[in-house]
>>> print(open('structure.cif').read())   # mmCIF, C-alpha atoms
data_my_file
loop_
_atom_site.label_atom_id
_atom_site.label_comp_id
_atom_site.auth_asym_id
_atom_site.auth_seq_id
_atom_site.Cartn_x
_atom_site.Cartn_y
_atom_site.Cartn_z
CA PHE G 1 13.51 -91.89 39.27
CA PHE G 2 13.65 -88.60 37.35
CA TYR G 3 16.12 -87.24 39.88
CA VAL G 4 18.39 -90.26 39.37
CA HIS G 5 17.95 -90.01 35.59
CA LEU G 6 19.03 -86.35 35.53
CA ALA G 7 21.87 -86.95 37.99
CA VAL G 8 23.37 -89.84 36.00
CA LEU G 9 22.76 -88.79 32.38
CA THR G 10 24.75 -85.56 32.25
CA SER G 11 26.31 -85.79 28.77
CA SER G 12 25.14 -84.57 25.38
CA GLY G 13 23.21 -86.93 23.09
CA PRO G 14 21.15 -87.12 19.87
CA GLY G 15 17.96 -85.88 21.56
CA ASP G 16 19.41 -82.56 22.74
CA ALA G 17 17.64 -80.49 20.08
CA TYR G 18 14.24 -81.13 21.66
CA HIS G 19 15.26 -79.12 24.73
CA THR G 20 15.57 -75.42 25.35
CA ALA G 21 18.97 -73.76 24.99
CA LYS G 22 19.18 -73.33 28.77
CA PHE G 23 18.66 -77.07 29.33
CA GLN G 24 21.22 -78.03 26.68
CA MET G 25 23.83 -75.77 28.27
CA GLN G 26 23.74 -78.06 31.34
CA LEU G 27 24.95 -81.08 29.35
CA LEU G 28 28.63 -81.99 29.08
CA ASN G 29 30.11 -81.87 25.55
CA ASN G 30 27.04 -80.08 24.19
CA PRO G 31 27.91 -77.72 21.28
CA MET G 32 26.07 -74.88 23.01
CA ARG G 33 28.26 -75.31 26.07
CA GLN G 34 31.45 -75.52 24.03
CA SER G 35 31.11 -72.97 21.24
CA SER G 36 28.46 -70.32 21.65
CA PHE G 37 29.67 -67.23 19.76
CA ASP G 38 27.96 -64.02 18.68
CA VAL G 39 27.14 -63.96 14.96
CA HIS G 40 28.28 -60.81 13.11
CA PHE G 41 27.34 -59.37 9.75
CA GLY G 42 29.84 -60.61 7.18
CA ASP G 43 30.22 -64.03 8.85
CA GLU G 44 29.87 -67.14 6.73
CA ILE G 45 27.47 -69.35 8.67
CA GLN G 46 25.42 -72.53 8.39
CA PHE G 47 21.75 -73.02 9.22
CA ARG G 48 20.57 -76.29 10.78
CA HIS G 49 16.89 -77.16 11.19
CA ARG G 50 16.04 -77.85 14.81
CA ASP G 51 13.52 -80.67 14.26
CA THR G 52 15.04 -82.63 11.37
CA GLY G 53 18.73 -81.72 11.74
CA VAL G 54 19.31 -80.93 8.04
CA TYR G 55 21.52 -78.11 6.77
CA MET G 56 20.12 -75.48 4.41
CA GLU G 57 22.23 -75.58 1.26
CA SER G 58 22.19 -74.58 -2.40
CA SER G 59 24.10 -75.30 -5.59
CA THR G 60 23.91 -74.56 -9.30
CA ASP G 61 21.19 -77.23 -9.72
CA ARG G 62 17.80 -75.89 -10.84
CA TYR G 63 14.22 -76.86 -10.07
CA PRO G 64 12.74 -78.84 -13.01
CA LEU G 65 10.40 -77.01 -15.39
CA ARG G 66 7.51 -79.31 -14.46
CA TYR G 67 6.87 -81.39 -11.37
CA ALA G 68 5.22 -84.82 -11.28
CA ASP G 69 1.76 -83.23 -10.86
CA GLN G 70 2.43 -81.05 -13.96
CA ARG G 71 2.75 -77.82 -11.99
CA VAL G 72 5.30 -75.40 -13.44
CA SER G 73 8.25 -74.15 -11.38
CA SER G 74 10.36 -71.02 -11.66
CA GLN G 75 13.37 -73.14 -12.68
CA GLY G 76 15.28 -71.19 -10.05
CA GLN G 77 18.33 -72.40 -8.17
CA GLN G 78 17.52 -75.18 -5.73
CA VAL G 79 17.60 -74.58 -1.98
CA THR G 80 17.32 -77.88 -0.11
CA GLY G 81 17.96 -79.55 3.24
CA ALA G 82 20.98 -81.87 3.32
CA LYS G 83 21.66 -84.32 6.14
CA LYS G 84 25.43 -84.03 5.73
CA ARG G 85 27.32 -80.79 6.20
CA SER G 86 29.20 -79.47 3.14
CA ASP G 87 30.63 -76.26 1.71
CA ASN G 88 27.31 -75.75 -0.07
CA ALA G 89 25.73 -75.02 3.31
CA TYR G 90 27.56 -71.73 3.97
CA TRP G 91 25.69 -68.43 3.73
CA ARG G 92 27.10 -64.94 4.25
CA ILE G 93 24.82 -62.86 6.46
CA LYS G 94 24.59 -59.20 5.39
CA PRO G 95 22.57 -56.15 6.52
CA ALA G 96 19.47 -55.68 4.36
CA GLN G 97 20.40 -52.02 3.97
CA ALA G 98 23.72 -51.73 2.13
CA SER G 99 26.18 -49.08 3.31
CA ASP G 100 29.68 -47.86 2.46
CA GLU G 101 30.68 -48.46 6.08
CA PHE G 102 29.80 -52.16 5.91
CA ALA G 103 31.44 -52.50 2.48
CA GLN G 104 34.70 -51.10 3.89
CA PHE G 105 34.42 -53.41 6.91
CA MET G 106 34.04 -56.42 4.57
CA VAL G 107 37.06 -55.40 2.48
CA ARG G 108 39.21 -55.32 5.61
CA LYS G 109 37.70 -58.60 6.91
CA GLN G 110 38.26 -60.49 3.64
CA ALA G 111 41.80 -59.12 3.41
CA GLY G 112 42.54 -60.86 6.72
CA GLU G 113 43.10 -57.62 8.63
CA ALA G 114 43.04 -57.90 12.42
CA ILE G 115 39.95 -55.84 13.30
CA PRO G 116 39.58 -54.73 16.95
CA ALA G 117 36.85 -56.57 18.91
CA GLU G 118 35.10 -53.27 19.71
CA GLU G 119 34.69 -52.53 15.99
CA THR G 120 33.56 -56.05 15.12
CA ASP G 121 31.08 -55.90 17.98
CA ARG G 122 29.22 -53.09 16.22
CA TRP G 123 28.20 -55.55 13.52
CA ALA G 124 26.65 -58.18 15.83
CA VAL G 125 23.35 -59.62 14.55
CA HIS G 126 20.39 -58.97 16.87
CA ASN G 127 16.82 -60.14 17.24
CA LEU G 128 14.46 -58.58 14.63
CA ASP G 129 17.35 -57.45 12.38
CA PHE G 130 16.61 -57.42 8.65
CA VAL G 131 19.22 -59.32 6.66
CA GLN G 132 20.15 -60.78 3.30
CA LEU G 133 21.67 -64.25 3.04
CA GLU G 134 24.19 -64.71 0.24
CA HIS G 135 25.06 -68.27 -0.76
CA VAL G 136 28.85 -68.27 -0.60
CA ASN G 137 29.60 -70.81 -3.35
CA THR G 138 27.23 -69.41 -5.98
CA GLY G 139 27.08 -65.73 -4.98
CA MET G 140 23.26 -65.63 -4.99
CA ASN G 141 20.88 -64.18 -2.38
CA LEU G 142 18.27 -66.37 -0.67
CA ARG G 143 14.82 -65.54 -2.05
CA THR G 144 11.16 -66.51 -1.75
CA HIS G 145 8.44 -65.48 -4.18
CA ASP G 146 4.84 -66.20 -5.11
CA VAL G 147 5.47 -69.57 -6.73
CA ALA G 148 4.30 -72.85 -5.17
CA SER G 149 6.99 -75.03 -3.65
CA PRO G 150 7.78 -78.44 -5.25
CA MET G 151 6.05 -80.75 -2.77
CA THR G 152 3.87 -78.44 -0.68
CA ALA G 153 1.68 -76.50 -3.10
CA THR G 154 0.25 -74.27 -0.35
CA ASN G 155 3.73 -72.99 0.61
CA MET G 156 6.07 -70.68 -1.30
CA GLU G 157 9.15 -71.72 -3.23
CA ILE G 158 12.56 -70.90 -1.74
CA THR G 159 15.22 -70.19 -4.34
CA THR G 160 17.95 -67.59 -4.98
CA LEU G 161 18.37 -64.32 -6.84
CA ALA G 162 21.38 -62.72 -8.53
CA LEU G 163 23.01 -59.96 -6.46
CA ASN G 164 22.54 -57.40 -9.24
CA ASP G 165 18.80 -58.06 -9.73
CA THR G 166 17.57 -55.00 -7.84
CA ALA G 167 14.05 -55.14 -9.32
CA LYS G 168 13.17 -58.17 -7.16
CA GLU G 169 15.43 -57.34 -4.22
CA ALA G 170 12.48 -57.11 -1.81
CA ASP G 171 12.10 -60.90 -2.15
CA THR G 172 15.58 -61.35 -0.60
CA VAL G 173 15.04 -59.44 2.66
CA TRP G 174 14.57 -61.61 5.75
CA GLN G 175 13.99 -60.86 9.42
CA ILE G 176 15.78 -62.83 12.13
CA LYS G 177 13.35 -63.65 14.97
CA ILE G 178 15.12 -65.27 17.93
CA ASP G 179 12.86 -67.63 19.88
CA HIS G 180 12.00 -66.41 23.40
CA ALA G 181 13.93 -63.16 22.88
CA LYS G 182 12.34 -60.41 24.96
CA THR G 183 14.00 -57.41 23.29
CA ASN G 184 15.75 -56.54 20.05
CA ALA G 185 19.00 -56.29 22.04
CA THR G 186 19.24 -60.10 22.16
CA ARG G 187 22.15 -61.29 20.03
CA LEU G 188 22.13 -64.20 17.62
CA GLN G 189 24.58 -66.85 18.85
CA THR G 190 25.88 -70.07 17.38
CA SER G 191 24.20 -73.20 18.79
CA ALA G 192 22.55 -71.35 21.70
CA SER G 193 19.96 -69.39 19.68
CA PHE G 194 16.88 -70.87 18.03
CA MET G 195 15.41 -68.53 15.44
CA ARG G 196 12.95 -68.09 12.61
CA ILE G 197 13.97 -66.66 9.23
CA VAL G 198 10.90 -64.71 8.07
CA SER G 199 10.42 -62.95 4.73
CA GLN G 200 9.81 -59.22 5.22
CA LYS G 201 7.68 -58.95 2.07
CA HIS G 202 5.72 -62.22 2.13
CA GLY G 203 5.61 -63.05 5.86
CA VAL G 204 6.52 -66.72 5.36
CA ALA G 205 9.18 -68.52 7.40
CA VAL G 206 11.91 -70.78 6.01
CA TRP G 207 10.77 -74.34 6.81
CA THR G 208 11.46 -77.95 5.96
CA HIS G 209 9.94 -81.37 6.57
CA SER G 210 11.24 -84.93 6.56
CA LYS G 211 9.85 -86.08 3.18
CA ALA G 212 12.61 -86.40 0.57
CA LEU G 213 12.65 -84.71 -2.83
CA PRO G 214 12.84 -86.86 -6.01
CA ASP G 215 16.15 -87.70 -7.71
CA TRP G 216 16.42 -84.23 -9.24
CA GLY G 217 16.72 -82.91 -5.66
CA HIS G 218 19.34 -85.54 -4.69
CA LYS G 219 16.88 -86.98 -2.12
CA HIS G 220 17.40 -83.90 0.04
CA GLN G 221 14.54 -82.40 2.04
CA GLU G 222 12.36 -79.73 0.51
CA ILE G 223 12.82 -76.23 1.95
CA ASN G 224 9.96 -73.80 1.43
CA GLY G 225 8.21 -70.75 2.82
CA ASN G 226 5.71 -71.75 5.51
CA LYS G 227 2.66 -69.50 5.71
CA LYS G 228 2.45 -70.22 9.44
CA PRO G 229 5.69 -68.48 10.49
CA GLU G 230 5.14 -68.99 14.23
CA ASP G 231 4.89 -72.76 13.91
CA LYS G 232 7.32 -74.55 16.25
CA SER G 233 8.79 -76.52 13.34
CA THR G 234 10.14 -73.33 11.69
CA LEU G 235 13.04 -73.01 14.15
CA TRP G 236 16.67 -73.04 12.96
CA THR G 237 20.03 -72.68 14.66
CA VAL G 238 23.49 -71.57 13.52
CA PRO G 239 25.81 -74.52 14.33
CA ARG G 240 29.04 -72.87 13.19
CA ILE G 241 30.81 -69.87 11.74
CA ARG G 242 33.44 -70.64 9.12
CA GLY G 243 36.95 -70.26 10.57
CA ARG G 244 35.73 -69.68 14.14
CA SER G 245 36.65 -71.98 17.02
CA ALA G 246 36.91 -71.47 20.76
CA SER G 247 40.19 -71.00 22.56
CA ALA G 248 40.81 -72.56 26.00
CA GLU G 249 40.22 -69.17 27.62
CA GLU G 250 36.90 -68.74 25.79
CA LEU G 251 35.72 -72.22 26.79
CA ASP G 252 36.52 -71.45 30.42
CA ALA G 253 34.67 -68.13 30.22
CA MET G 254 31.62 -69.79 28.63
CA ALA G 255 31.47 -72.44 31.36
CA LYS G 256 31.38 -69.72 34.02
CA LYS G 257 28.45 -67.97 32.31
CA ILE G 258 26.19 -71.02 32.33
CA VAL G 259 23.08 -70.47 34.46
CA LYS G 260 22.34 -73.61 36.47
CA MET G 261 18.90 -75.21 36.25
CA GLY G 262 17.40 -76.81 39.35
CA PHE G 263 15.81 -80.26 39.38
CA LEU G 264 12.23 -78.92 39.38
CA ALA G 265 12.90 -76.72 36.32
CA LYS G 266 14.39 -79.67 34.41
CA PHE G 267 11.56 -81.95 35.55
CA ALA G 268 8.91 -79.45 34.38
CA GLU G 269 10.59 -79.08 30.97
CA LEU G 270 10.81 -82.87 30.48
CA GLN G 271 7.14 -83.35 31.37
CA GLY G 272 6.10 -80.62 28.95
CA LEU G 273 8.24 -82.08 26.15
CA MET G 274 6.86 -85.59 26.64
CA PHE G 275 3.28 -84.32 26.68
CA ARG G 276 3.67 -82.22 23.51
CA HIS G 277 5.63 -84.92 21.65
CA ASN G 278 3.21 -87.75 22.43
CA ASN G 279 0.21 -85.51 21.78
CA ALA G 280 1.54 -84.85 18.27
CA LEU G 281 1.84 -88.56 17.39
CA THR G 282 -1.16 -89.07 15.10
CA THR G 283 0.23 -91.40 12.41
CA VAL G 284 -0.93 -95.02 12.52
CA HIS G 285 1.84 -97.64 12.67
CA PRO G 286 2.03 -101.45 13.21
CA PHE G 287 3.43 -101.21 16.74
CA GLN G 288 0.91 -98.76 18.17
CA SER G 289 -1.08 -99.59 21.29
CA THR G 290 -4.12 -97.92 22.86
CA PRO G 291 -4.20 -96.81 26.52
CA LEU G 292 -6.75 -99.48 27.41
CA THR G 293 -4.25 -102.21 26.52
CA TRP G 294 -1.36 -100.79 28.56
CA PRO G 295 -2.28 -102.29 31.98
CA PHE G 296 -2.53 -105.75 30.41
CA MET G 297 0.72 -105.45 28.42
CA VAL G 298 -0.89 -106.70 25.23
CA ARG G 299 2.19 -105.50 23.34
CA GLY G 300 5.45 -103.74 24.08
CA ILE G 301 7.01 -100.59 22.64
CA SER G 302 9.26 -100.37 19.60
CA PHE G 303 11.62 -97.92 21.32
CA TRP G 304 14.40 -97.66 18.72
CA THR G 305 14.98 -99.03 15.22
CA ASP G 306 17.92 -98.86 12.82
CA LYS G 307 16.78 -100.01 9.37
CA ASP G 308 20.28 -100.10 7.89
CA SER G 309 21.70 -102.55 10.45
CA ARG G 310 18.29 -104.16 11.13
CA ARG G 311 18.64 -103.59 14.86
CA GLN G 312 15.82 -102.81 17.25
CA ILE G 313 15.21 -102.13 20.94
CA TYR G 314 11.83 -103.50 22.00
CA LEU G 315 10.57 -102.68 25.48
CA MET G 316 8.20 -104.76 27.56
CA GLY G 317 7.54 -105.21 31.24
CA ASN G 318 7.98 -108.34 33.33
CA PRO G 319 4.73 -110.31 32.69
CA VAL G 320 4.68 -111.83 36.18
CA GLY G 321 4.97 -108.54 38.02
CA TRP G 322 2.73 -106.72 35.51
CA TRP G 323 -0.23 -109.12 35.72
CA ILE G 324 0.08 -109.65 39.48
CA SER G 325 -0.19 -105.87 39.94
CA ASP G 326 -3.34 -105.86 37.73
CA VAL G 327 -4.96 -108.52 39.91
CA ALA G 328 -3.90 -106.67 43.08
CA LEU G 329 -5.41 -103.41 41.83
CA LEU G 330 -8.67 -105.15 40.97
CA MET G 331 -8.83 -106.87 44.37
CA TYR G 332 -8.03 -103.57 46.14
CA GLY G 333 -10.79 -101.76 44.27
CA VAL G 334 -13.38 -104.49 44.97
CA THR G 335 -12.34 -104.70 48.64
CA MET G 336 -12.63 -100.95 49.22
CA VAL G 337 -16.07 -100.84 47.55
CA MET G 338 -17.29 -103.75 49.70
CA ILE G 339 -15.95 -102.15 52.90
CA ALA G 340 -17.69 -98.87 52.01
CA LEU G 341 -21.03 -100.63 51.36
CA LEU G 342 -20.86 -102.67 54.57
CA THR G 343 -19.85 -99.63 56.62
CA ARG G 344 -23.02 -97.82 55.46
CA ARG G 345 -24.97 -100.76 56.95
CA ASN G 346 -23.01 -100.54 60.21
CA VAL G 347 -21.23 -103.83 59.56
CA GLU G 348 -17.56 -103.72 60.56
CA VAL G 349 -15.59 -106.43 58.73
CA VAL G 350 -12.16 -104.80 59.00
CA ASP G 351 -10.52 -103.24 62.02
CA GLY G 352 -10.33 -99.41 61.94
CA ILE G 353 -6.51 -99.36 62.06
CA VAL G 354 -6.33 -101.77 59.10
CA GLN G 355 -8.78 -99.58 57.18
CA ARG G 356 -6.59 -96.53 57.73
CA HIS G 357 -3.53 -98.43 56.46
CA MET G 358 -5.48 -99.54 53.40
CA LEU G 359 -6.59 -95.99 52.67
CA ARG G 360 -3.29 -94.26 53.36
CA SER G 361 -0.41 -96.65 52.65
CA THR G 362 -1.96 -98.86 49.97
CA GLY G 363 -3.98 -95.93 48.67
CA PHE G 364 -0.76 -93.96 48.16
CA ILE G 365 0.68 -96.76 45.98
CA VAL G 366 -2.54 -96.97 43.97
CA ALA G 367 -2.57 -93.18 43.51
CA ALA G 368 1.05 -93.31 42.27
CA TRP G 369 0.06 -95.98 39.74
CA VAL G 370 -2.88 -93.86 38.51
CA LEU G 371 -0.65 -90.77 38.20
CA HIS G 372 1.77 -92.74 36.01
CA TYR G 373 -1.02 -94.14 33.83
CA ALA G 374 -3.61 -91.34 33.49
CA PRO G 375 -1.47 -88.50 32.04
#
>>> encode(input="structure.cif", output="structure tokens")
Amino acid sequence: FFYVHLAVLTSSGPGDAYHTAKFQMQLLNNPMRQSSFDVHFGDEIQFRHRDTGVYMESSTDRYPLRYADQRVSSQGQQVTGAKKRSDNAYWRIKPAQASDEFAQFMVRKQAGEAIPAEETDRWAVHNLDFVQLEHVNTGMNLRTHDVASPMTATNMEITTLALNDTAKEADTVWQIKIDHAKTNATRLQTSASFMRIVSQKHGVAVWTHSKALPDWGHKHQEINGNKKPEDKSTLWTVPRIRGRSASAEELDAMAKKIVKMGFLAKFAELQGLMFRHNNALTTVHPFQSTPLTWPFMVRGISFWTDKDSRRQIYLMGNPVGWWISDVALLMYGVTMVMIALLTRRNVEVVDGIVQRHMLRSTGFIVAAWVLHYAP
């Protein structure tokens, strides 16, 4: 069934982000397959959170002086996670160490000069590079400091800092850590790279969660500095570079570079994803069911819900087939136990050939059922 599933469902969909970049590259119309470019210093880029899909953005809005629990904030510029893409989500990526060479490169780039690819290539962003992230619309550098974040008091506030505030500049230096990169020669690419943005000074990673901020935060998601930087939920991707799109020749070249994944590799990844995802489901909800109730189909599964349109997909098996199989399994188990007990007393109630069929053929079906249920 998995082979058929992978053979038929070959297009991109809303669940792509759960998979590795290599898996996503196999899917038709996937952004990674269509527009995977190297990111260069000086590019204006967006950051999208892998797990929740929000874009990191900022504006001139400030954190309130006091939060609901009476904690005091820095009243710095807000940095939040927005579900919709906007101009507020663009950040200019710059080397942490300023240089005249880069300044001259930026002057030529912003003037619209055609810069040779070889020269641009020198400014590619690599794994473990130290960077600064300048918010394009407000001209402020991304910053974290030793102030508690609005909703997660154990984490650090993410805000911004004026470009000319050199006294606190260390708070604005970040390291790009590309997930699964084996060397620092690995380049940061749009869509294809998952990365962590880690503060050089404080060691926290830029992170967000699904709980919305109050009205002062426009119901966006809180973005803060997670003190567990290696957590899997701290991964981000660069979905686009402003003004960059693929030509027909580039799309063709990208398609040729895709490394094919075999069925077993895809199967192993899917099994691992399902195990980790289901193992992380700890919240109680009205539609939950325990493993002991599954064979008896006490309740189905709320597979998909859309609150806005009040639509739902509810899964349940065929009661006739489900309960007949339960009875058959019980009868098979009782029969095999009885045959084993009678055989120990030298009483043969079933022909040897029939016994072998029951052990091998029927036993194979029972084993398949157990393998579907037990994991």
>>> closest_residue(input="structure.cif", among="G:His5, G:Arg71, G:Arg85, G:His145", to="Pro239 in chain G", atoms="all atoms listed in the file")
G:Arg85
>>> closest_residue(input="structure.cif", among="G:Gln46, G:Asn141, G:Thr60, G:Thr362", to="Ala170 in chain G", atoms="all atoms listed in the file")
G:Asn141
>>> closest_residue(input="structure.cif", among="G:Phe263, G:Tyr63, G:Tyr373, G:Phe47", to="Thr159 in chain G", atoms="only C-alpha atoms")
G:Tyr63
>>> axis_aligned_box(input="structure.cif", around="range 98-115 of chain G", padding_each_side="6 Å", output="JSON")
{"center_x": 33.4, "center_y": -54.4, "center_z": 7.7, "size_x": 31.4, "size_y": 25.0, "size_z": 23.2}
>>> resolve_selection(input="structure.cif", expression="the PyMOL selection byres ((chain G and resi 72-84) around 9)", output="ChimeraX atom specification")
/G:48-49,52-67,69-71,85-86,89,140,142,147-150,157-161,208-209,213,217-224
>>> closest_residue(input="structure.cif", among="G:Ile241, G:Ala368, G:Val8, G:Leu281", to="Ser191 in chain G", atoms="only C-alpha atoms")
G:Ile241
>>> atom_distance(input="structure.cif", atom1="CA of Arg242 in chain G", atom2="CA of Thr20 in chain G")
24.6 Å
>>> decode(input="structure.cif", residues="range 290-299 of chain G", atoms="all heavy atoms", output="PDB file, in the first residue's frame")
ATOM      1  N   THR G 290      -7.768   5.318  22.970  1.00  0.00           N
ATOM      2  CA  THR G 290      -6.628   4.555  23.486  1.00  0.00           C
ATOM      3  C   THR G 290      -6.413   3.312  22.624  1.00  0.00           C
ATOM      4  O   THR G 290      -7.356   2.802  21.996  1.00  0.00           O
ATOM      5  CB  THR G 290      -6.879   4.134  24.941  1.00  0.00           C
ATOM      6  OG1 THR G 290      -8.069   3.322  24.984  1.00  0.00           O
ATOM      7  CG2 THR G 290      -7.071   5.359  25.832  1.00  0.00           C
ATOM      8  N   PRO G 291      -5.194   2.779  22.595  1.00  0.00           N
ATOM      9  CA  PRO G 291      -4.919   1.595  21.764  1.00  0.00           C
ATOM     10  C   PRO G 291      -5.816   0.402  22.039  1.00  0.00           C
ATOM     11  O   PRO G 291      -6.137  -0.353  21.123  1.00  0.00           O
ATOM     12  CB  PRO G 291      -3.453   1.275  22.115  1.00  0.00           C
ATOM     13  CG  PRO G 291      -2.866   2.583  22.512  1.00  0.00           C
ATOM     14  CD  PRO G 291      -3.963   3.316  23.210  1.00  0.00           C
ATOM     15  N   LEU G 292      -6.242   0.238  23.288  1.00  0.00           N
ATOM     16  CA  LEU G 292      -7.092  -0.910  23.615  1.00  0.00           C
ATOM     17  C   LEU G 292      -8.456  -0.850  22.929  1.00  0.00           C
ATOM     18  O   LEU G 292      -9.099  -1.880  22.725  1.00  0.00           O
ATOM     19  CB  LEU G 292      -7.290  -0.994  25.132  1.00  0.00           C
ATOM     20  CG  LEU G 292      -6.062  -1.428  25.946  1.00  0.00           C
ATOM     21  CD1 LEU G 292      -6.363  -1.378  27.430  1.00  0.00           C
ATOM     22  CD2 LEU G 292      -5.624  -2.845  25.542  1.00  0.00           C
ATOM     23  N   THR G 293      -8.884   0.350  22.554  1.00  0.00           N
ATOM     24  CA  THR G 293     -10.197   0.486  21.915  1.00  0.00           C
ATOM     25  C   THR G 293     -10.129   0.355  20.393  1.00  0.00           C
ATOM     26  O   THR G 293     -11.159   0.220  19.742  1.00  0.00           O
ATOM     27  CB  THR G 293     -10.824   1.855  22.257  1.00  0.00           C
ATOM     28  OG1 THR G 293     -10.016   2.897  21.670  1.00  0.00           O
ATOM     29  CG2 THR G 293     -10.896   2.066  23.758  1.00  0.00           C
ATOM     30  N   TRP G 294      -8.920   0.393  19.833  1.00  0.00           N
ATOM     31  CA  TRP G 294      -8.798   0.387  18.367  1.00  0.00           C
ATOM     32  C   TRP G 294      -9.371  -0.878  17.706  1.00  0.00           C
ATOM     33  O   TRP G 294     -10.099  -0.763  16.722  1.00  0.00           O
ATOM     34  CB  TRP G 294      -7.339   0.568  17.958  1.00  0.00           C
ATOM     35  CG  TRP G 294      -6.767   1.895  18.372  1.00  0.00           C
ATOM     36  CD1 TRP G 294      -7.453   2.994  18.805  1.00  0.00           C
ATOM     37  CD2 TRP G 294      -5.386   2.255  18.412  1.00  0.00           C
ATOM     38  NE1 TRP G 294      -6.603   4.020  19.118  1.00  0.00           N
ATOM     39  CE2 TRP G 294      -5.324   3.604  18.890  1.00  0.00           C
ATOM     40  CE3 TRP G 294      -4.209   1.606  18.108  1.00  0.00           C
ATOM     41  CZ2 TRP G 294      -4.122   4.272  19.050  1.00  0.00           C
ATOM     42  CZ3 TRP G 294      -3.005   2.275  18.267  1.00  0.00           C
ATOM     43  CH2 TRP G 294      -2.966   3.593  18.738  1.00  0.00           C
ATOM     44  N   PRO G 295      -9.054  -2.093  18.215  1.00  0.00           N
ATOM     45  CA  PRO G 295      -9.586  -3.293  17.549  1.00  0.00           C
ATOM     46  C   PRO G 295     -11.115  -3.355  17.539  1.00  0.00           C
ATOM     47  O   PRO G 295     -11.706  -4.013  16.688  1.00  0.00           O
ATOM     48  CB  PRO G 295      -8.996  -4.452  18.363  1.00  0.00           C
ATOM     49  CG  PRO G 295      -7.800  -3.873  19.043  1.00  0.00           C
ATOM     50  CD  PRO G 295      -8.171  -2.463  19.341  1.00  0.00           C
ATOM     51  N   PHE G 296     -11.752  -2.681  18.494  1.00  0.00           N
ATOM     52  CA  PHE G 296     -13.212  -2.757  18.602  1.00  0.00           C
ATOM     53  C   PHE G 296     -13.910  -1.557  17.951  1.00  0.00           C
ATOM     54  O   PHE G 296     -15.128  -1.467  17.962  1.00  0.00           O
ATOM     55  CB  PHE G 296     -13.608  -2.840  20.082  1.00  0.00           C
ATOM     56  CG  PHE G 296     -12.849  -3.897  20.829  1.00  0.00           C
ATOM     57  CD1 PHE G 296     -11.852  -3.555  21.728  1.00  0.00           C
ATOM     58  CD2 PHE G 296     -13.097  -5.246  20.598  1.00  0.00           C
ATOM     59  CE1 PHE G 296     -11.139  -4.526  22.399  1.00  0.00           C
ATOM     60  CE2 PHE G 296     -12.394  -6.222  21.261  1.00  0.00           C
ATOM     61  CZ  PHE G 296     -11.401  -5.869  22.169  1.00  0.00           C
ATOM     62  N   MET G 297     -13.098  -0.639  17.399  1.00  0.00           N
ATOM     63  CA  MET G 297     -13.622   0.545  16.711  1.00  0.00           C
ATOM     64  C   MET G 297     -14.682   1.258  17.552  1.00  0.00           C
ATOM     65  O   MET G 297     -15.797   1.534  17.102  1.00  0.00           O
ATOM     66  CB  MET G 297     -14.178   0.179  15.339  1.00  0.00           C
ATOM     67  CG  MET G 297     -14.150   1.356  14.363  1.00  0.00           C
ATOM     68  SD  MET G 297     -14.777   0.915  12.755  1.00  0.00           S
ATOM     69  CE  MET G 297     -16.470   0.515  13.107  1.00  0.00           C
ATOM     70  N   VAL G 298     -14.293   1.550  18.790  1.00  0.00           N
ATOM     71  CA  VAL G 298     -15.195   2.267  19.692  1.00  0.00           C
ATOM     72  C   VAL G 298     -15.505   3.656  19.147  1.00  0.00           C
ATOM     73  O   VAL G 298     -16.611   4.163  19.267  1.00  0.00           O
ATOM     74  CB  VAL G 298     -14.572   2.354  21.098  1.00  0.00           C
ATOM     75  CG1 VAL G 298     -15.434   3.218  22.028  1.00  0.00           C
ATOM     76  CG2 VAL G 298     -14.399   0.953  21.674  1.00  0.00           C
ATOM     77  N   ARG G 299     -14.484   4.297  18.534  1.00  0.00           N
ATOM     78  CA  ARG G 299     -14.692   5.590  17.889  1.00  0.00           C
ATOM     79  C   ARG G 299     -13.731   5.729  16.722  1.00  0.00           C
ATOM     80  O   ARG G 299     -12.718   5.048  16.648  1.00  0.00           O
ATOM     81  CB  ARG G 299     -14.517   6.733  18.886  1.00  0.00           C
ATOM     82  CG  ARG G 299     -13.129   6.808  19.512  1.00  0.00           C
ATOM     83  CD  ARG G 299     -12.979   8.077  20.331  1.00  0.00           C
ATOM     84  NE  ARG G 299     -14.049   8.213  21.305  1.00  0.00           N
ATOM     85  CZ  ARG G 299     -14.188   9.270  22.105  1.00  0.00           C
ATOM     86  NH1 ARG G 299     -13.322  10.261  22.020  1.00  0.00           N
ATOM     87  NH2 ARG G 299     -15.173   9.333  22.970  1.00  0.00           N
TER      88      ARG G 299
END
